[in-house]
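I have placed the structure first, in the form of structure tokens, so that the comments after it can refer back to it.
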Amino acid sequence: MIAFLRFELVRTLRNVRFLVMLIAFPVLIYLIYAKQHGTSQGLTVATLLLVSMAVYSGMGSAMFASGPQLARERQNGWMRQLRISPISTRGWFAAKLVQAILMIIPGLAVLMVLALSYGHVHLAAGRLGELAVVLVLGAIPFCTLGLVIGLMFDSQTAQVAQMITLLVLAFLGGIFIQWSNLPHGMQVIGKLLPSYHLAQLGWDAAAGHALAMSDVAALAAWTAGLGLIAAWRWRNESTTA
Amino acid sequence: MKTNSTDAPAAVVFRDVVKVYNDRVTALDHVSFEITRGATVALLGPNGAGKSTAIDTMLGLRTPTSGQVRVLGMTPSAAVAAGKIGGMVQTGGLPENAKVSELVGLFRQLYRDRRSLRELLRLAGITDIADRRADQLSGGQTQRVRFALALAGKPELLFLDEPTASLDVEARRDFWRSVRAIAEQGTTVLFATHYLDEADANASRIIVASHGRVLADGTPAQIKAYTSVRTVRFTTSEPDTSALLRLPGVGDVSARDGVVTIRTADADATLPALYAFGRPVLGLEVGGGGLEEALLALTSDDRLDAGARVAGRSGQSASSPTDDPASLMTKAG
């Protein structure tokens, strides 16, 4: 599994353009809006936006770490080649998960550095650390979401499916628009989404509030559910493909 | 034929294996065979014969609808997990953004028992492209890289599904030289091909398949004995097929509208006996058959039973006591 993880990381890092593109959008948004004055939920705009963009960047990185590439490599036969090697299903899933988690870190680091310098965000080291841990661990359901998309869609539709999913998560989860400003129906849906709960955890951590267990439970439930779907798709494919 | 150990389980056991896709297409139709350790076996047949399905099943990529598949005494997935088998599947591809050497290096590390990187690159003939990106190779180069991946773990059993499909003549020769070298080290090799010459030159045993059934199974010499098989055709009144079947060399007899078709392994013995039979023999024709023709006849129509299929004629038909096509070859050989 370690050898496989290293292999996956080497080839991901080789794709620099892809990595830069993943980070570019949230960084740009941060640069545009972070200088605005005002406070909300007890946080300055610069801090609020740090969390929003870090959540967005984390979701995107986690999902794109596997999604469309997995769909392409299922189609071109690489996954079949791997299936006849001794790497176990569990080992493969674990490596993919770790890879996706590691992919979150560059975007998060860039945004944090930007927030501390350009955004003049003042967060105690402890609080900053807590925020980082929340954002990294909280992205795990999105790692499994990327796997599910990669396993369910073909190479042509996976990219689009992923983009749409990401935007829906961002808008309805209250990351691009404040959740309280959404129409009522969308608020109901939004509150069910993992993006909503991750953002809440992020803002709570940044503000120094206690983390709500309901948010943690929701993310855990999403991870478990998506993990089951991924396992089901995987098994299904191995017997009928 | 080399054997690693006399009491070791067979390399492959296929027992009454059936694979039906989507409840409609029967890819494997009650297939049974066994492959001993150390053998090099060719699975020969036209497209749609079920060769790929059979190999995918042995690799655990597909589960049979019914029947039993054992590989090295284990289930296919257990043998894969134990790192004891290597495979080149037809639809296998290579990943994005990785170098050839990284890819081969990865596969080496996935196995406990492994060949050196240098040896793998040499065996597959890819030393010169080791630093190239695996997703930017030609079809033939990709094929050779996949061969290296199949060999990475010093497999006890090697499956090759149409391994030379996109190789040129020279690459093909190098490829088979490597396969023979690996077979000489004791590795059991099973390869699928629709090239007869490839099966003949590289296998110690050939299994001929069509439409999901095994049509013939024997050494290349036995399979090639089909070339000595002749088709004798004549017109007679009230043909007695069961009596004709007892003539020397005759494998099967079919009769339709007074036209009798006999397949014989020894036309020189059959013809005098036929004339001595006491019935009028009119318009006698003796047809020859090359190996390709014989196999074409074998694989052309599988609605008939194995014996009649060889004659390629339907209608009233009588066969040797056993329907096993190997019995034909035993007679012929």
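Residues in the structure tokens are named by chain (A, B, ... in the order shown) and by number from 1 within that chain; ligands are numbered from 1 in the order shown.
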
For the interface of chain B with chain A (cut-off 10 Å, counting only C-alpha atoms), please tabulate each contacting residue of chain B alongside its nearest pair of atoms and their separation in Å to one decimal, rows sorted by chain and increasing number, as a tab-separated table.
residue	atom	partner	partner_atom	distance
B:Tyr21	CA	A:Thr240	CA	8.0
B:Asn22	CA	A:Thr240	CA	8.8
B:Asp56	CA	A:Ile84	CA	9.4
B:Thr57	CA	A:Thr239	CA	9.5
B:Leu59	CA	A:Ile84	CA	6.4
B:Gly60	CA	A:Ile84	CA	7.6
B:Leu61	CA	A:Ser238	CA	5.8
B:Arg62	CA	A:Thr239	CA	4.8
B:Thr63	CA	A:Thr239	CA	5.6
B:Pro64	CA	A:Thr239	CA	8.8
B:Pro76	CA	A:Ile84	CA	9.6
B:Ser77	CA	A:Ile84	CA	8.3
B:Ala78	CA	A:Pro86	CA	9.1
B:Ala79	CA	A:Pro86	CA	8.6
B:Val80	CA	A:Pro86	CA	5.5
B:Ala81	CA	A:Pro86	CA	4.2
B:Ala82	CA	A:Pro86	CA	6.3
B:Gly83	CA	A:Pro86	CA	5.1
B:Lys84	CA	A:Pro86	CA	8.6
B:Ile85	CA	A:Ile84	CA	8.1
B:Gly86	CA	A:Ile84	CA	7.2
B:Gly87	CA	A:Ile84	CA	6.9
B:Met88	CA	A:Gln81	CA	7.7
B:Val89	CA	A:Gln81	CA	7.4
B:Gln90	CA	A:Gly77	CA	8.7
B:Thr91	CA	A:Gly77	CA	5.4
B:Gly92	CA	A:Gly77	CA	4.1
B:Gly93	CA	A:Gly77	CA	4.1
B:Leu94	CA	A:Trp78	CA	4.9
B:Pro95	CA	A:Trp78	CA	5.7
B:Glu96	CA	A:Arg11	CA	7.5
B:Asn97	CA	A:Arg11	CA	5.1
B:Ala98	CA	A:Arg11	CA	5.4
B:Lys99	CA	A:Arg11	CA	8.5
B:Glu102	CA	A:Phe7	CA	7.2
B:Leu103	CA	A:Phe7	CA	7.8
B:Gly105	CA	A:Ala3	CA	9.0
B:Leu106	CA	A:Ala3	CA	6.3
B:Phe107	CA	A:Ser85	CA	7.6
B:Arg108	CA	A:Ala3	CA	9.6
B:Gln109	CA	A:Ala3	CA	6.5
B:Leu110	CA	A:Pro86	CA	6.3
B:Tyr111	CA	A:Pro86	CA	6.8
B:Arg112	CA	A:Pro86	CA	9.5
B:Arg146	CA	A:Gln81	CA	8.4
B:Leu149	CA	A:Gln81	CA	8.5
B:Ala150	CA	A:Ser85	CA	8.6
B:Ala152	CA	A:Ser85	CA	9.7
B:Gly153	CA	A:Ser85	CA	8.9

According to DSSP computed on the backbone, where in range 132-261 of chain B is there alpha helix (DSSP H)? Give the residues as a PDB file with N, CA and C atoms, in the first residue's frame.
ATOM      1  N   GLY B 139       0.891   1.452 -29.368  1.00  0.00           N
ATOM      2  CA  GLY B 139       0.174   0.244 -28.972  1.00  0.00           C
ATOM      3  C   GLY B 139       1.101  -0.911 -28.645  1.00  0.00           C
ATOM      4  N   GLY B 140       2.115  -1.097 -29.494  1.00  0.00           N
ATOM      5  CA  GLY B 140       3.059  -2.198 -29.273  1.00  0.00           C
ATOM      6  C   GLY B 140       3.877  -2.004 -28.016  1.00  0.00           C
ATOM      7  N   GLN B 141       4.288  -0.749 -27.771  1.00  0.00           N
ATOM      8  CA  GLN B 141       5.080  -0.455 -26.562  1.00  0.00           C
ATOM      9  C   GLN B 141       4.231  -0.674 -25.312  1.00  0.00           C
ATOM     10  N   THR B 142       2.972  -0.228 -25.367  1.00  0.00           N
ATOM     11  CA  THR B 142       2.061  -0.421 -24.237  1.00  0.00           C
ATOM     12  C   THR B 142       1.920  -1.910 -23.934  1.00  0.00           C
ATOM     13  N   GLN B 143       1.783  -2.679 -25.003  1.00  0.00           N
ATOM     14  CA  GLN B 143       1.646  -4.125 -24.863  1.00  0.00           C
ATOM     15  C   GLN B 143       2.850  -4.723 -24.138  1.00  0.00           C
ATOM     16  N   ARG B 144       4.044  -4.249 -24.509  1.00  0.00           N
ATOM     17  CA  ARG B 144       5.259  -4.786 -23.901  1.00  0.00           C
ATOM     18  C   ARG B 144       5.376  -4.367 -22.437  1.00  0.00           C
ATOM     19  N   VAL B 145       4.946  -3.145 -22.128  1.00  0.00           N
ATOM     20  CA  VAL B 145       4.968  -2.715 -20.728  1.00  0.00           C
ATOM     21  C   VAL B 145       4.021  -3.600 -19.911  1.00  0.00           C
ATOM     22  N   ARG B 146       2.869  -3.915 -20.490  1.00  0.00           N
ATOM     23  CA  ARG B 146       1.924  -4.761 -19.769  1.00  0.00           C
ATOM     24  C   ARG B 146       2.485  -6.164 -19.557  1.00  0.00           C
ATOM     25  N   PHE B 147       3.313  -6.587 -20.494  1.00  0.00           N
ATOM     26  CA  PHE B 147       3.992  -7.881 -20.340  1.00  0.00           C
ATOM     27  C   PHE B 147       4.940  -7.816 -19.138  1.00  0.00           C
ATOM     28  N   ALA B 148       5.677  -6.714 -19.020  1.00  0.00           N
ATOM     29  CA  ALA B 148       6.585  -6.543 -17.873  1.00  0.00           C
ATOM     30  C   ALA B 148       5.798  -6.564 -16.565  1.00  0.00           C
ATOM     31  N   LEU B 149       4.636  -5.922 -16.537  1.00  0.00           N
ATOM     32  CA  LEU B 149       3.813  -5.897 -15.325  1.00  0.00           C
ATOM     33  C   LEU B 149       3.354  -7.320 -14.970  1.00  0.00           C
ATOM     34  N   ALA B 150       3.034  -8.095 -15.996  1.00  0.00           N
ATOM     35  CA  ALA B 150       2.566  -9.462 -15.759  1.00  0.00           C
ATOM     36  C   ALA B 150       3.669 -10.337 -15.171  1.00  0.00           C
ATOM     37  N   LEU B 151       4.922 -10.011 -15.502  1.00  0.00           N
ATOM     38  CA  LEU B 151       6.048 -10.833 -15.047  1.00  0.00           C
ATOM     39  C   LEU B 151       6.645 -10.358 -13.727  1.00  0.00           C
ATOM     40  N   VAL B 169       6.449  -8.038 -36.434  1.00  0.00           N
ATOM     41  CA  VAL B 169       7.022  -9.383 -36.561  1.00  0.00           C
ATOM     42  C   VAL B 169       8.213  -9.579 -35.626  1.00  0.00           C
ATOM     43  N   GLU B 170       9.093  -8.587 -35.607  1.00  0.00           N
ATOM     44  CA  GLU B 170      10.303  -8.718 -34.794  1.00  0.00           C
ATOM     45  C   GLU B 170       9.953  -8.742 -33.305  1.00  0.00           C
ATOM     46  N   ALA B 171       9.077  -7.835 -32.897  1.00  0.00           N
ATOM     47  CA  ALA B 171       8.672  -7.760 -31.490  1.00  0.00           C
ATOM     48  C   ALA B 171       7.987  -9.047 -31.073  1.00  0.00           C
ATOM     49  N   ARG B 172       7.234  -9.612 -31.993  1.00  0.00           N
ATOM     50  CA  ARG B 172       6.532 -10.862 -31.727  1.00  0.00           C
ATOM     51  C   ARG B 172       7.533 -11.990 -31.455  1.00  0.00           C
ATOM     52  N   ARG B 173       8.605 -12.036 -32.252  1.00  0.00           N
ATOM     53  CA  ARG B 173       9.615 -13.082 -32.084  1.00  0.00           C
ATOM     54  C   ARG B 173      10.313 -12.906 -30.727  1.00  0.00           C
ATOM     55  N   ASP B 174      10.676 -11.663 -30.401  1.00  0.00           N
ATOM     56  CA  ASP B 174      11.319 -11.400 -29.108  1.00  0.00           C
ATOM     57  C   ASP B 174      10.387 -11.773 -27.957  1.00  0.00           C
ATOM     58  N   PHE B 175       9.123 -11.442 -28.150  1.00  0.00           N
ATOM     59  CA  PHE B 175       8.138 -11.726 -27.106  1.00  0.00           C
ATOM     60  C   PHE B 175       8.084 -13.224 -26.804  1.00  0.00           C
ATOM     61  N   TRP B 176       7.976 -14.025 -27.840  1.00  0.00           N
ATOM     62  CA  TRP B 176       7.862 -15.477 -27.614  1.00  0.00           C
ATOM     63  C   TRP B 176       9.147 -16.062 -27.066  1.00  0.00           C
ATOM     64  N   ARG B 177      10.275 -15.455 -27.443  1.00  0.00           N
ATOM     65  CA  ARG B 177      11.548 -15.928 -26.881  1.00  0.00           C
ATOM     66  C   ARG B 177      11.522 -15.737 -25.359  1.00  0.00           C
ATOM     67  N   SER B 178      11.032 -14.579 -24.915  1.00  0.00           N
ATOM     68  CA  SER B 178      10.941 -14.322 -23.469  1.00  0.00           C
ATOM     69  C   SER B 178       9.957 -15.277 -22.800  1.00  0.00           C
ATOM     70  N   VAL B 179       8.820 -15.512 -23.453  1.00  0.00           N
ATOM     71  CA  VAL B 179       7.820 -16.417 -22.857  1.00  0.00           C
ATOM     72  C   VAL B 179       8.416 -17.811 -22.703  1.00  0.00           C
ATOM     73  N   ARG B 180       9.149 -18.270 -23.724  1.00  0.00           N
ATOM     74  CA  ARG B 180       9.744 -19.611 -23.631  1.00  0.00           C
ATOM     75  C   ARG B 180      10.771 -19.670 -22.513  1.00  0.00           C
ATOM     76  N   ALA B 181      11.545 -18.577 -22.366  1.00  0.00           N
ATOM     77  CA  ALA B 181      12.543 -18.543 -21.289  1.00  0.00           C
ATOM     78  C   ALA B 181      11.865 -18.648 -19.927  1.00  0.00           C
ATOM     79  N   ILE B 182      10.736 -17.958 -19.783  1.00  0.00           N
ATOM     80  CA  ILE B 182      10.008 -17.991 -18.510  1.00  0.00           C
ATOM     81  C   ILE B 182       9.392 -19.360 -18.275  1.00  0.00           C
ATOM     82  N   ALA B 183       8.886 -19.956 -19.350  1.00  0.00           N
ATOM     83  CA  ALA B 183       8.297 -21.297 -19.234  1.00  0.00           C
ATOM     84  C   ALA B 183       9.361 -22.308 -18.822  1.00  0.00           C
ATOM     85  N   GLU B 184      10.581 -22.105 -19.338  1.00  0.00           N
ATOM     86  CA  GLU B 184      11.657 -23.038 -18.991  1.00  0.00           C
ATOM     87  C   GLU B 184      12.031 -22.930 -17.516  1.00  0.00           C
ATOM     88  N   LEU B 196      -2.872 -19.722 -35.416  1.00  0.00           N
ATOM     89  CA  LEU B 196      -2.556 -21.136 -35.303  1.00  0.00           C
ATOM     90  C   LEU B 196      -1.058 -21.377 -35.182  1.00  0.00           C
ATOM     91  N   ASP B 197      -0.281 -20.634 -35.990  1.00  0.00           N
ATOM     92  CA  ASP B 197       1.169 -20.852 -35.986  1.00  0.00           C
ATOM     93  C   ASP B 197       1.754 -20.511 -34.619  1.00  0.00           C
ATOM     94  N   GLU B 198       1.184 -19.493 -33.968  1.00  0.00           N
ATOM     95  CA  GLU B 198       1.659 -19.101 -32.652  1.00  0.00           C
ATOM     96  C   GLU B 198       1.404 -20.208 -31.634  1.00  0.00           C
ATOM     97  N   ALA B 199       0.231 -20.794 -31.705  1.00  0.00           N
ATOM     98  CA  ALA B 199      -0.119 -21.884 -30.799  1.00  0.00           C
ATOM     99  C   ALA B 199       0.775 -23.088 -31.061  1.00  0.00           C
ATOM    100  N   ASP B 200       0.972 -23.386 -32.323  1.00  0.00           N
ATOM    101  CA  ASP B 200       1.768 -24.551 -32.698  1.00  0.00           C
ATOM    102  C   ASP B 200       3.221 -24.400 -32.255  1.00  0.00           C
ATOM    103  N   ALA B 201       3.765 -23.194 -32.447  1.00  0.00           N
ATOM    104  CA  ALA B 201       5.188 -22.986 -32.187  1.00  0.00           C
ATOM    105  C   ALA B 201       5.512 -22.866 -30.700  1.00  0.00           C
ATOM    106  N   ASN B 202       4.546 -22.453 -29.892  1.00  0.00           N
ATOM    107  CA  ASN B 202       4.881 -22.106 -28.511  1.00  0.00           C
ATOM    108  C   ASN B 202       4.192 -22.930 -27.435  1.00  0.00           C
ATOM    109  N   PRO B 220       0.014 -30.215 -30.010  1.00  0.00           N
ATOM    110  CA  PRO B 220       0.009 -29.654 -31.359  1.00  0.00           C
ATOM    111  C   PRO B 220       0.032 -30.752 -32.418  1.00  0.00           C
ATOM    112  N   ALA B 221       0.767 -31.842 -32.144  1.00  0.00           N
ATOM    113  CA  ALA B 221       0.825 -32.936 -33.117  1.00  0.00           C
ATOM    114  C   ALA B 221      -0.558 -33.546 -33.313  1.00  0.00           C
ATOM    115  N   GLN B 222      -1.265 -33.737 -32.204  1.00  0.00           N
ATOM    116  CA  GLN B 222      -2.613 -34.304 -32.322  1.00  0.00           C
ATOM    117  C   GLN B 222      -3.548 -33.360 -33.059  1.00  0.00           C
ATOM    118  N   ILE B 223      -3.444 -32.091 -32.709  1.00  0.00           N
ATOM    119  CA  ILE B 223      -4.306 -31.119 -33.380  1.00  0.00           C
ATOM    120  C   ILE B 223      -3.967 -31.080 -34.865  1.00  0.00           C
ATOM    121  N   LYS B 224      -2.678 -31.125 -35.141  1.00  0.00           N
ATOM    122  CA  LYS B 224      -2.272 -31.060 -36.541  1.00  0.00           C
ATOM    123  C   LYS B 224      -2.638 -32.320 -37.310  1.00  0.00           C
ATOM    124  N   THR B 241     -25.439 -45.902 -42.044  1.00  0.00           N
ATOM    125  CA  THR B 241     -24.407 -45.083 -41.397  1.00  0.00           C
ATOM    126  C   THR B 241     -23.648 -45.832 -40.318  1.00  0.00           C
ATOM    127  N   SER B 242     -24.350 -46.673 -39.572  1.00  0.00           N
ATOM    128  CA  SER B 242     -23.657 -47.337 -38.466  1.00  0.00           C
ATOM    129  C   SER B 242     -22.662 -48.365 -39.006  1.00  0.00           C
ATOM    130  N   ALA B 243     -22.979 -48.982 -40.126  1.00  0.00           N
ATOM    131  CA  ALA B 243     -22.029 -49.922 -40.716  1.00  0.00           C
ATOM    132  C   ALA B 243     -20.826 -49.171 -41.283  1.00  0.00           C
ATOM    133  N   LEU B 244     -21.102 -48.035 -41.931  1.00  0.00           N
ATOM    134  CA  LEU B 244     -20.022 -47.232 -42.508  1.00  0.00           C
ATOM    135  C   LEU B 244     -19.062 -46.749 -41.429  1.00  0.00           C
ATOM    136  N   LEU B 245     -19.628 -46.493 -40.262  1.00  0.00           N
ATOM    137  CA  LEU B 245     -18.831 -45.983 -39.153  1.00  0.00           C
ATOM    138  C   LEU B 245     -17.782 -46.999 -38.700  1.00  0.00           C
TER     139      LEU B 245
END

Residue neighbourhood Ala42 in chain B, 9 Å, only C-alpha atoms, exclusion window fewer than 6 positions, as number ranges by chain | B: 189-193, 198-200, 202-208

Within 12 Å of His184 in chain A, counting only C-alpha atoms, which residues show up once you throw out same-chain ones fewer than 6 positions away? Write them as a VMD selection string, please.
-> chain A and resid 172 190 to 191

Output C-alpha atoms for every residue in that selection, as a PDB file, in the first residue's frame.
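Output file out-v4.pdb is given in full below:
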ATOM      1  CA  LEU A 172     -26.546  25.125  -1.052  1.00  0.00           C
ATOM      2  CA  GLY A 190     -28.536  22.640   2.115  1.00  0.00           C
ATOM      3  CA  LYS A 191     -28.687  21.702   5.750  1.00  0.00           C
TER       4      LYS A 191
END

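The closest residue to Gly107 in chain A, picked from A:Ala210, A:Ile229, A:Ala132, A:Leu219 and counting only C-alpha atoms, is A:Ala132.
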